[in-house]
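Heads up, the thing below is written out as structure tokens.
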Amino acid sequence: MPAKPYQFDIRIVKFLIVGVINTIFGYTIYVASLWIGLHYTAAVAASTILGTLFNFKSIGAFVFESRNNALLLRFIGVYFFLYLLNISGVSLLVHFDVPAWFAGLLLLLPLAILSFLLNRRYVFSP
């Protein structure tokens with residue numbers, strides 16, 4: 001039996017589009033929180049909490065074509081896990097004298113990729 005040809009998943013493109021908007025929103029909250037004097041852990045928490053609510057609707061509706069609000073707890077679980085990874089990564093980089101604002105920037109892409117994979121598999125799976 002011949003191998004099945006790779007089928008492009010348009011959700012990846014949609015996720016990238018929404019991801020840019022969500023990243024701008026979340027990173028703006030993060031930097032604004034640092035600017036007003038919050039510790040980076042509180043800044044990550046603020047951007048994660050506000051970003052999670054914003055992202056649930058944008059990712060669910062546009063990327064995965066789901067308006068199922070019952071999935072919110074799973075989505076929050078994924079974002080809580082990402083929050084823990086983000087805090088750990090920022091903390092590690094800050095330990096090596098990387099500024100907190102730049103540490104957050106460095107972690108954006110790897111956490112975005114992981115976010116798509118986790119949401120596709122555990123939250124919005126068919």
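Residue numbers start at 1 in each chain; chains themselves are named A, B, ... in the order of the structure tokens; ligands are numbered from 1 in the order shown.
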**Request:** Write down as a ChimeraX atom specification the residues belonging to chain A that are assigned alpha helix (DSSP H) by DSSP computed on the backbone.
**Result:** /A:10-35,40-58,72-95,100-118
Spatial neighbours of A:Phe124, 12 Å, only C-alpha atoms, chain gap at least 4 places, as a PDB file with all heavy atoms, in the first residue's frame:
```
ATOM      1  N   ARG A  11      -4.931  24.668   9.886  1.00  0.00           N
ATOM      2  CA  ARG A  11      -5.016  25.195  11.255  1.00  0.00           C
ATOM      3  C   ARG A  11      -3.677  25.761  11.714  1.00  0.00           C
ATOM      4  O   ARG A  11      -3.644  26.655  12.560  1.00  0.00           O
ATOM      5  CB  ARG A  11      -5.494  24.112  12.216  1.00  0.00           C
ATOM      6  CG  ARG A  11      -6.927  23.676  11.954  1.00  0.00           C
ATOM      7  CD  ARG A  11      -7.353  22.579  12.872  1.00  0.00           C
ATOM      8  NE  ARG A  11      -6.470  21.426  12.712  1.00  0.00           N
ATOM      9  CZ  ARG A  11      -6.588  20.291  13.372  1.00  0.00           C
ATOM     10  NH1 ARG A  11      -7.547  20.137  14.258  1.00  0.00           N
ATOM     11  NH2 ARG A  11      -5.758  19.296  13.167  1.00  0.00           N
ATOM     12  N   PHE A  56      -8.528  31.726  24.459  1.00  0.00           N
ATOM     13  CA  PHE A  56      -9.498  30.628  24.390  1.00  0.00           C
ATOM     14  C   PHE A  56     -10.501  30.867  23.275  1.00  0.00           C
ATOM     15  O   PHE A  56     -10.801  29.979  22.475  1.00  0.00           O
ATOM     16  CB  PHE A  56     -10.219  30.435  25.725  1.00  0.00           C
ATOM     17  CG  PHE A  56     -11.278  29.370  25.673  1.00  0.00           C
ATOM     18  CD1 PHE A  56     -10.933  28.037  25.540  1.00  0.00           C
ATOM     19  CD2 PHE A  56     -12.617  29.697  25.748  1.00  0.00           C
ATOM     20  CE1 PHE A  56     -11.902  27.046  25.475  1.00  0.00           C
ATOM     21  CE2 PHE A  56     -13.599  28.723  25.682  1.00  0.00           C
ATOM     22  CZ  PHE A  56     -13.239  27.392  25.554  1.00  0.00           C
ATOM     23  N   LYS A  57     -11.012  32.058  23.226  1.00  0.00           N
ATOM     24  CA  LYS A  57     -12.016  32.372  22.201  1.00  0.00           C
ATOM     25  C   LYS A  57     -11.388  32.486  20.815  1.00  0.00           C
ATOM     26  O   LYS A  57     -11.929  31.973  19.838  1.00  0.00           O
ATOM     27  CB  LYS A  57     -12.770  33.659  22.553  1.00  0.00           C
ATOM     28  CG  LYS A  57     -13.761  33.468  23.659  1.00  0.00           C
ATOM     29  CD  LYS A  57     -14.774  32.428  23.246  1.00  0.00           C
ATOM     30  CE  LYS A  57     -15.866  32.246  24.256  1.00  0.00           C
ATOM     31  NZ  LYS A  57     -16.804  31.207  23.870  1.00  0.00           N
ATOM     32  N   ILE A  59      -8.450  31.233  19.616  1.00  0.00           N
ATOM     33  CA  ILE A  59      -7.926  29.952  19.140  1.00  0.00           C
ATOM     34  C   ILE A  59      -9.060  28.967  18.902  1.00  0.00           C
ATOM     35  O   ILE A  59      -9.107  28.292  17.869  1.00  0.00           O
ATOM     36  CB  ILE A  59      -6.888  29.379  20.130  1.00  0.00           C
ATOM     37  CG1 ILE A  59      -5.619  30.222  20.101  1.00  0.00           C
ATOM     38  CG2 ILE A  59      -6.566  27.918  19.792  1.00  0.00           C
ATOM     39  CD1 ILE A  59      -4.612  29.871  21.176  1.00  0.00           C
ATOM     40  N   GLY A  60      -9.968  28.877  19.848  1.00  0.00           N
ATOM     41  CA  GLY A  60     -11.075  27.932  19.719  1.00  0.00           C
ATOM     42  C   GLY A  60     -11.925  28.201  18.498  1.00  0.00           C
ATOM     43  O   GLY A  60     -12.182  27.305  17.687  1.00  0.00           O
ATOM     44  N   ALA A  61     -12.352  29.445  18.332  1.00  0.00           N
ATOM     45  CA  ALA A  61     -13.282  29.768  17.248  1.00  0.00           C
ATOM     46  C   ALA A  61     -12.600  29.821  15.882  1.00  0.00           C
ATOM     47  O   ALA A  61     -13.081  29.228  14.920  1.00  0.00           O
ATOM     48  CB  ALA A  61     -13.968  31.101  17.539  1.00  0.00           C
ATOM     49  N   PHE A  62     -11.473  30.503  15.784  1.00  0.00           N
ATOM     50  CA  PHE A  62     -10.856  30.717  14.476  1.00  0.00           C
ATOM     51  C   PHE A  62      -9.987  29.539  14.027  1.00  0.00           C
ATOM     52  O   PHE A  62     -10.058  29.119  12.878  1.00  0.00           O
ATOM     53  CB  PHE A  62     -10.028  32.007  14.487  1.00  0.00           C
ATOM     54  CG  PHE A  62      -9.421  32.350  13.154  1.00  0.00           C
ATOM     55  CD1 PHE A  62     -10.230  32.722  12.092  1.00  0.00           C
ATOM     56  CD2 PHE A  62      -8.057  32.306  12.959  1.00  0.00           C
ATOM     57  CE1 PHE A  62      -9.683  33.038  10.848  1.00  0.00           C
ATOM     58  CE2 PHE A  62      -7.490  32.622  11.732  1.00  0.00           C
ATOM     59  CZ  PHE A  62      -8.310  32.991  10.678  1.00  0.00           C
ATOM     60  N   VAL A  63      -9.176  29.007  14.931  1.00  0.00           N
ATOM     61  CA  VAL A  63      -8.233  27.958  14.541  1.00  0.00           C
ATOM     62  C   VAL A  63      -8.897  26.590  14.491  1.00  0.00           C
ATOM     63  O   VAL A  63      -8.804  25.873  13.506  1.00  0.00           O
ATOM     64  CB  VAL A  63      -7.018  27.922  15.495  1.00  0.00           C
ATOM     65  CG1 VAL A  63      -6.072  26.791  15.128  1.00  0.00           C
ATOM     66  CG2 VAL A  63      -6.287  29.258  15.490  1.00  0.00           C
ATOM     67  N   PHE A  64      -9.575  26.227  15.574  1.00  0.00           N
ATOM     68  CA  PHE A  64     -10.130  24.876  15.681  1.00  0.00           C
ATOM     69  C   PHE A  64     -11.640  24.821  15.431  1.00  0.00           C
ATOM     70  O   PHE A  64     -12.247  23.768  15.563  1.00  0.00           O
ATOM     71  CB  PHE A  64      -9.780  24.278  17.044  1.00  0.00           C
ATOM     72  CG  PHE A  64      -8.298  24.074  17.218  1.00  0.00           C
ATOM     73  CD1 PHE A  64      -7.546  24.952  17.979  1.00  0.00           C
ATOM     74  CD2 PHE A  64      -7.644  23.018  16.601  1.00  0.00           C
ATOM     75  CE1 PHE A  64      -6.175  24.776  18.135  1.00  0.00           C
ATOM     76  CE2 PHE A  64      -6.288  22.833  16.746  1.00  0.00           C
ATOM     77  CZ  PHE A  64      -5.546  23.716  17.518  1.00  0.00           C
ATOM     78  N   GLU A  65     -12.225  25.966  15.073  1.00  0.00           N
ATOM     79  CA  GLU A  65     -13.654  26.067  14.754  1.00  0.00           C
ATOM     80  C   GLU A  65     -14.544  25.440  15.824  1.00  0.00           C
ATOM     81  O   GLU A  65     -15.475  24.694  15.540  1.00  0.00           O
ATOM     82  CB  GLU A  65     -13.917  25.460  13.372  1.00  0.00           C
ATOM     83  CG  GLU A  65     -13.177  26.207  12.283  1.00  0.00           C
ATOM     84  CD  GLU A  65     -13.291  25.574  10.913  1.00  0.00           C
ATOM     85  OE1 GLU A  65     -13.946  24.526  10.770  1.00  0.00           O
ATOM     86  OE2 GLU A  65     -12.703  26.150   9.973  1.00  0.00           O
ATOM     87  N   SER A  66     -14.224  25.766  17.063  1.00  0.00           N
ATOM     88  CA  SER A  66     -14.978  25.249  18.198  1.00  0.00           C
ATOM     89  C   SER A  66     -15.456  26.418  19.051  1.00  0.00           C
ATOM     90  O   SER A  66     -14.692  27.326  19.350  1.00  0.00           O
ATOM     91  CB  SER A  66     -14.099  24.334  19.052  1.00  0.00           C
ATOM     92  OG  SER A  66     -14.761  23.997  20.248  1.00  0.00           O
ATOM     93  N   ARG A  67     -16.703  26.360  19.429  1.00  0.00           N
ATOM     94  CA  ARG A  67     -17.263  27.362  20.340  1.00  0.00           C
ATOM     95  C   ARG A  67     -17.742  26.673  21.620  1.00  0.00           C
ATOM     96  O   ARG A  67     -18.600  27.172  22.322  1.00  0.00           O
ATOM     97  CB  ARG A  67     -18.390  28.114  19.655  1.00  0.00           C
ATOM     98  CG  ARG A  67     -17.860  29.061  18.595  1.00  0.00           C
ATOM     99  CD  ARG A  67     -18.938  29.718  17.788  1.00  0.00           C
ATOM    100  NE  ARG A  67     -18.457  30.721  16.872  1.00  0.00           N
ATOM    101  CZ  ARG A  67     -17.666  30.517  15.821  1.00  0.00           C
ATOM    102  NH1 ARG A  67     -17.214  29.319  15.557  1.00  0.00           N
ATOM    103  NH2 ARG A  67     -17.307  31.505  15.035  1.00  0.00           N
ATOM    104  N   ASN A  68     -17.157  25.517  21.888  1.00  0.00           N
ATOM    105  CA  ASN A  68     -17.531  24.704  23.038  1.00  0.00           C
ATOM    106  C   ASN A  68     -16.871  25.255  24.301  1.00  0.00           C
ATOM    107  O   ASN A  68     -15.700  25.006  24.564  1.00  0.00           O
ATOM    108  CB  ASN A  68     -17.117  23.245  22.797  1.00  0.00           C
ATOM    109  CG  ASN A  68     -17.562  22.327  23.907  1.00  0.00           C
ATOM    110  OD1 ASN A  68     -18.079  22.761  24.925  1.00  0.00           O
ATOM    111  ND2 ASN A  68     -17.349  21.038  23.706  1.00  0.00           N
ATOM    112  N   ASN A  69     -17.624  26.009  25.087  1.00  0.00           N
ATOM    113  CA  ASN A  69     -17.083  26.606  26.310  1.00  0.00           C
ATOM    114  C   ASN A  69     -16.736  25.573  27.375  1.00  0.00           C
ATOM    115  O   ASN A  69     -16.014  25.874  28.315  1.00  0.00           O
ATOM    116  CB  ASN A  69     -18.067  27.635  26.870  1.00  0.00           C
ATOM    117  CG  ASN A  69     -18.158  28.858  25.986  1.00  0.00           C
ATOM    118  OD1 ASN A  69     -17.204  29.233  25.311  1.00  0.00           O
ATOM    119  ND2 ASN A  69     -19.318  29.485  25.968  1.00  0.00           N
ATOM    120  N   ALA A  70     -17.233  24.343  27.231  1.00  0.00           N
ATOM    121  CA  ALA A  70     -16.908  23.285  28.188  1.00  0.00           C
ATOM    122  C   ALA A  70     -15.430  22.904  28.122  1.00  0.00           C
ATOM    123  O   ALA A  70     -14.914  22.264  29.045  1.00  0.00           O
ATOM    124  CB  ALA A  70     -17.780  22.053  27.925  1.00  0.00           C
ATOM    125  N   LEU A  71     -14.745  23.306  27.077  1.00  0.00           N
ATOM    126  CA  LEU A  71     -13.323  22.996  26.924  1.00  0.00           C
ATOM    127  C   LEU A  71     -12.413  23.974  27.671  1.00  0.00           C
ATOM    128  O   LEU A  71     -11.198  23.798  27.691  1.00  0.00           O
ATOM    129  CB  LEU A  71     -12.946  22.976  25.436  1.00  0.00           C
ATOM    130  CG  LEU A  71     -13.686  21.960  24.572  1.00  0.00           C
ATOM    131  CD1 LEU A  71     -13.322  22.141  23.102  1.00  0.00           C
ATOM    132  CD2 LEU A  71     -13.387  20.552  25.037  1.00  0.00           C
ATOM    133  N   LEU A  72     -13.007  24.984  28.281  1.00  0.00           N
ATOM    134  CA  LEU A  72     -12.216  26.012  28.951  1.00  0.00           C
ATOM    135  C   LEU A  72     -11.303  25.434  30.028  1.00  0.00           C
ATOM    136  O   LEU A  72     -10.149  25.840  30.142  1.00  0.00           O
ATOM    137  CB  LEU A  72     -13.116  27.103  29.545  1.00  0.00           C
ATOM    138  CG  LEU A  72     -12.386  28.251  30.259  1.00  0.00           C
ATOM    139  CD1 LEU A  72     -11.452  28.981  29.301  1.00  0.00           C
ATOM    140  CD2 LEU A  72     -13.386  29.218  30.857  1.00  0.00           C
ATOM    141  N   LEU A  73     -11.772  24.483  30.808  1.00  0.00           N
ATOM    142  CA  LEU A  73     -10.923  23.918  31.868  1.00  0.00           C
ATOM    143  C   LEU A  73      -9.702  23.201  31.293  1.00  0.00           C
ATOM    144  O   LEU A  73      -8.601  23.321  31.837  1.00  0.00           O
ATOM    145  CB  LEU A  73     -11.722  22.989  32.771  1.00  0.00           C
ATOM    146  CG  LEU A  73     -12.694  23.690  33.713  1.00  0.00           C
ATOM    147  CD1 LEU A  73     -13.467  22.675  34.549  1.00  0.00           C
ATOM    148  CD2 LEU A  73     -11.975  24.686  34.606  1.00  0.00           C
ATOM    149  N   ARG A  74      -9.875  22.467  30.212  1.00  0.00           N
ATOM    150  CA  ARG A  74      -8.722  21.826  29.561  1.00  0.00           C
ATOM    151  C   ARG A  74      -7.754  22.885  29.047  1.00  0.00           C
ATOM    152  O   ARG A  74      -6.535  22.746  29.165  1.00  0.00           O
ATOM    153  CB  ARG A  74      -9.171  20.961  28.384  1.00  0.00           C
ATOM    154  CG  ARG A  74      -9.837  19.689  28.768  1.00  0.00           C
ATOM    155  CD  ARG A  74     -10.067  18.895  27.506  1.00  0.00           C
ATOM    156  NE  ARG A  74     -11.082  17.899  27.714  1.00  0.00           N
ATOM    157  CZ  ARG A  74     -11.519  17.084  26.783  1.00  0.00           C
ATOM    158  NH1 ARG A  74     -11.025  17.157  25.552  1.00  0.00           N
ATOM    159  NH2 ARG A  74     -12.440  16.207  27.034  1.00  0.00           N
ATOM    160  N   PHE A  75      -8.315  23.922  28.435  1.00  0.00           N
ATOM    161  CA  PHE A  75      -7.503  25.010  27.899  1.00  0.00           C
ATOM    162  C   PHE A  75      -6.709  25.666  29.025  1.00  0.00           C
ATOM    163  O   PHE A  75      -5.509  25.931  28.882  1.00  0.00           O
ATOM    164  CB  PHE A  75      -8.423  26.023  27.206  1.00  0.00           C
ATOM    165  CG  PHE A  75      -7.704  27.040  26.370  1.00  0.00           C
ATOM    166  CD1 PHE A  75      -7.295  26.732  25.082  1.00  0.00           C
ATOM    167  CD2 PHE A  75      -7.468  28.313  26.858  1.00  0.00           C
ATOM    168  CE1 PHE A  75      -6.643  27.676  24.302  1.00  0.00           C
ATOM    169  CE2 PHE A  75      -6.827  29.257  26.088  1.00  0.00           C
ATOM    170  CZ  PHE A  75      -6.405  28.946  24.802  1.00  0.00           C
ATOM    171  N   VAL A  78      -3.796  23.487  30.002  1.00  0.00           N
ATOM    172  CA  VAL A  78      -2.671  23.623  29.067  1.00  0.00           C
ATOM    173  C   VAL A  78      -1.917  24.916  29.350  1.00  0.00           C
ATOM    174  O   VAL A  78      -0.685  24.934  29.427  1.00  0.00           O
ATOM    175  CB  VAL A  78      -3.161  23.572  27.599  1.00  0.00           C
ATOM    176  CG1 VAL A  78      -2.094  24.082  26.635  1.00  0.00           C
ATOM    177  CG2 VAL A  78      -3.571  22.160  27.228  1.00  0.00           C
ATOM    178  N   SER A 115       2.218  25.221  22.550  1.00  0.00           N
ATOM    179  CA  SER A 115       0.813  25.562  22.759  1.00  0.00           C
ATOM    180  C   SER A 115      -0.066  24.973  21.661  1.00  0.00           C
ATOM    181  O   SER A 115      -1.122  24.394  21.941  1.00  0.00           O
ATOM    182  CB  SER A 115       0.650  27.084  22.807  1.00  0.00           C
ATOM    183  OG  SER A 115      -0.706  27.437  22.855  1.00  0.00           O
ATOM    184  N   PHE A 116       0.353  25.122  20.403  1.00  0.00           N
ATOM    185  CA  PHE A 116      -0.424  24.561  19.296  1.00  0.00           C
ATOM    186  C   PHE A 116      -0.549  23.049  19.445  1.00  0.00           C
ATOM    187  O   PHE A 116      -1.635  22.484  19.332  1.00  0.00           O
ATOM    188  CB  PHE A 116       0.202  24.892  17.938  1.00  0.00           C
ATOM    189  CG  PHE A 116      -0.513  24.219  16.794  1.00  0.00           C
ATOM    190  CD1 PHE A 116      -1.706  24.747  16.312  1.00  0.00           C
ATOM    191  CD2 PHE A 116      -0.025  23.055  16.219  1.00  0.00           C
ATOM    192  CE1 PHE A 116      -2.389  24.128  15.275  1.00  0.00           C
ATOM    193  CE2 PHE A 116      -0.696  22.428  15.184  1.00  0.00           C
ATOM    194  CZ  PHE A 116      -1.883  22.965  14.708  1.00  0.00           C
ATOM    195  N   LEU A 117       0.575  22.391  19.699  1.00  0.00           N
ATOM    196  CA  LEU A 117       0.565  20.932  19.805  1.00  0.00           C
ATOM    197  C   LEU A 117      -0.317  20.452  20.948  1.00  0.00           C
ATOM    198  O   LEU A 117      -1.093  19.501  20.785  1.00  0.00           O
ATOM    199  CB  LEU A 117       1.994  20.408  19.971  1.00  0.00           C
ATOM    200  CG  LEU A 117       2.925  20.659  18.779  1.00  0.00           C
ATOM    201  CD1 LEU A 117       4.362  20.281  19.139  1.00  0.00           C
ATOM    202  CD2 LEU A 117       2.444  19.926  17.545  1.00  0.00           C
ATOM    203  N   LEU A 118      -0.225  21.085  22.092  1.00  0.00           N
ATOM    204  CA  LEU A 118      -1.036  20.680  23.243  1.00  0.00           C
ATOM    205  C   LEU A 118      -2.517  20.968  23.023  1.00  0.00           C
ATOM    206  O   LEU A 118      -3.369  20.147  23.389  1.00  0.00           O
ATOM    207  CB  LEU A 118      -0.532  21.370  24.515  1.00  0.00           C
ATOM    208  CG  LEU A 118       0.854  20.944  24.993  1.00  0.00           C
ATOM    209  CD1 LEU A 118       1.294  21.798  26.182  1.00  0.00           C
ATOM    210  CD2 LEU A 118       0.891  19.470  25.348  1.00  0.00           C
ATOM    211  N   ASN A 119      -2.826  22.116  22.432  1.00  0.00           N
ATOM    212  CA  ASN A 119      -4.230  22.442  22.166  1.00  0.00           C
ATOM    213  C   ASN A 119      -4.832  21.503  21.131  1.00  0.00           C
ATOM    214  O   ASN A 119      -5.974  21.067  21.277  1.00  0.00           O
ATOM    215  CB  ASN A 119      -4.379  23.899  21.722  1.00  0.00           C
ATOM    216  CG  ASN A 119      -4.423  24.828  22.902  1.00  0.00           C
ATOM    217  OD1 ASN A 119      -5.297  24.718  23.751  1.00  0.00           O
ATOM    218  ND2 ASN A 119      -3.472  25.735  22.967  1.00  0.00           N
ATOM    219  N   ARG A 120      -4.073  21.189  20.108  1.00  0.00           N
ATOM    220  CA  ARG A 120      -4.568  20.280  19.079  1.00  0.00           C
ATOM    221  C   ARG A 120      -4.810  18.890  19.654  1.00  0.00           C
ATOM    222  O   ARG A 120      -5.792  18.246  19.343  1.00  0.00           O
ATOM    223  CB  ARG A 120      -3.569  20.208  17.922  1.00  0.00           C
ATOM    224  CG  ARG A 120      -4.055  19.318  16.774  1.00  0.00           C
ATOM    225  CD  ARG A 120      -3.076  19.265  15.647  1.00  0.00           C
ATOM    226  NE  ARG A 120      -1.890  18.548  16.089  1.00  0.00           N
ATOM    227  CZ  ARG A 120      -0.802  18.392  15.365  1.00  0.00           C
ATOM    228  NH1 ARG A 120      -0.720  18.923  14.170  1.00  0.00           N
ATOM    229  NH2 ARG A 120       0.234  17.725  15.842  1.00  0.00           N
TER     230      ARG A 120
END
```
**Asked** Pick the closest to A:Asn22 from A:Tyr122, A:Tyr79, A:Trp35, A:Phe54: which is it, counting only C-alpha atoms?
**Response**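 Closest residue, counting only C-alpha atoms: A:Phe54.
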**Request:** Take atom CA of A:Val31 and atom CA of A:Lys14 and report the distance between them in Å, one decimal.
**Result:**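 Going from atom CA of A:Val31 over to atom CA of A:Lys14, I get 25.4 Å.
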**Request:** Would you mind reading off the distance between atom CA of A:Ser125 and atom CA of A:Leu53, one decimal, in Å?
**Result:** 19.2 Å
**Prompt:** Pick the closest to A:Leu85 from A:Pro110, A:Leu38, A:Trp101, A:Asn55: which is it, counting only C-alpha atoms?
**Reply:**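 Closest residue, counting only C-alpha atoms: A:Pro110.
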**Message:** At a cut-off of 10 Å, using only C-alpha atoms, what residues contact A:Leu105? Leave out same-chain residues fewer than 5 positions from it and give the result as a PyMOL selection string.
**Reply:** chain A and resi 23+27+90+99-100
Please save all heavy atoms of the selected residues as a CSV table (one decimal), in the first residue's frame.
```csv
chain,number,residue,atom,x,y,z
A,23,THR,N,0.1,36.9,20.9
A,23,THR,CA,1.4,37.2,21.4
A,23,THR,C,1.6,38.7,21.7
A,23,THR,O,2.1,39.1,22.7
A,23,THR,CB,2.5,36.7,20.4
A,23,THR,OG1,2.3,35.3,20.3
A,23,THR,CG2,3.9,37.0,20.9
A,27,TYR,N,2.3,39.7,25.4
A,27,TYR,CA,3.6,40.3,25.6
A,27,TYR,C,3.4,41.8,26.1
A,27,TYR,O,4.2,42.3,26.9
A,27,TYR,CB,4.5,40.2,24.4
A,27,TYR,CG,5.9,40.6,24.7
A,27,TYR,CD1,6.7,39.8,25.6
A,27,TYR,CD2,6.5,41.7,24.2
A,27,TYR,CE1,8.0,40.1,25.9
A,27,TYR,CE2,7.8,42.0,24.5
A,27,TYR,CZ,8.6,41.2,25.3
A,27,TYR,OH,9.9,41.6,25.6
A,90,VAL,N,12.1,31.7,32.2
A,90,VAL,CA,12.5,33.0,32.5
A,90,VAL,C,13.4,33.0,33.8
A,90,VAL,O,14.5,33.7,33.8
A,90,VAL,CB,11.3,33.9,32.8
A,90,VAL,CG1,11.7,35.3,33.3
A,90,VAL,CG2,10.5,34.1,31.5
A,99,PRO,N,18.2,39.8,30.8
A,99,PRO,CA,17.1,40.6,31.3
A,99,PRO,C,15.7,39.9,31.1
A,99,PRO,O,15.5,39.2,30.2
A,99,PRO,CB,17.2,41.8,30.4
A,99,PRO,CG,18.5,41.8,29.8
A,99,PRO,CD,18.9,40.4,29.7
A,100,ALA,N,14.9,40.1,32.1
A,100,ALA,CA,13.6,39.4,32.2
A,100,ALA,C,12.8,39.7,30.9
A,100,ALA,O,12.1,38.8,30.4
A,100,ALA,CB,12.8,39.8,33.4
```
**Request:** Enter the distance from atom CA of A:Tyr83 to atom CA of A:Leu16, in Å, rounded to one decimal.
**Result:**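 Here the two named atoms are 19.5 Å from each other.
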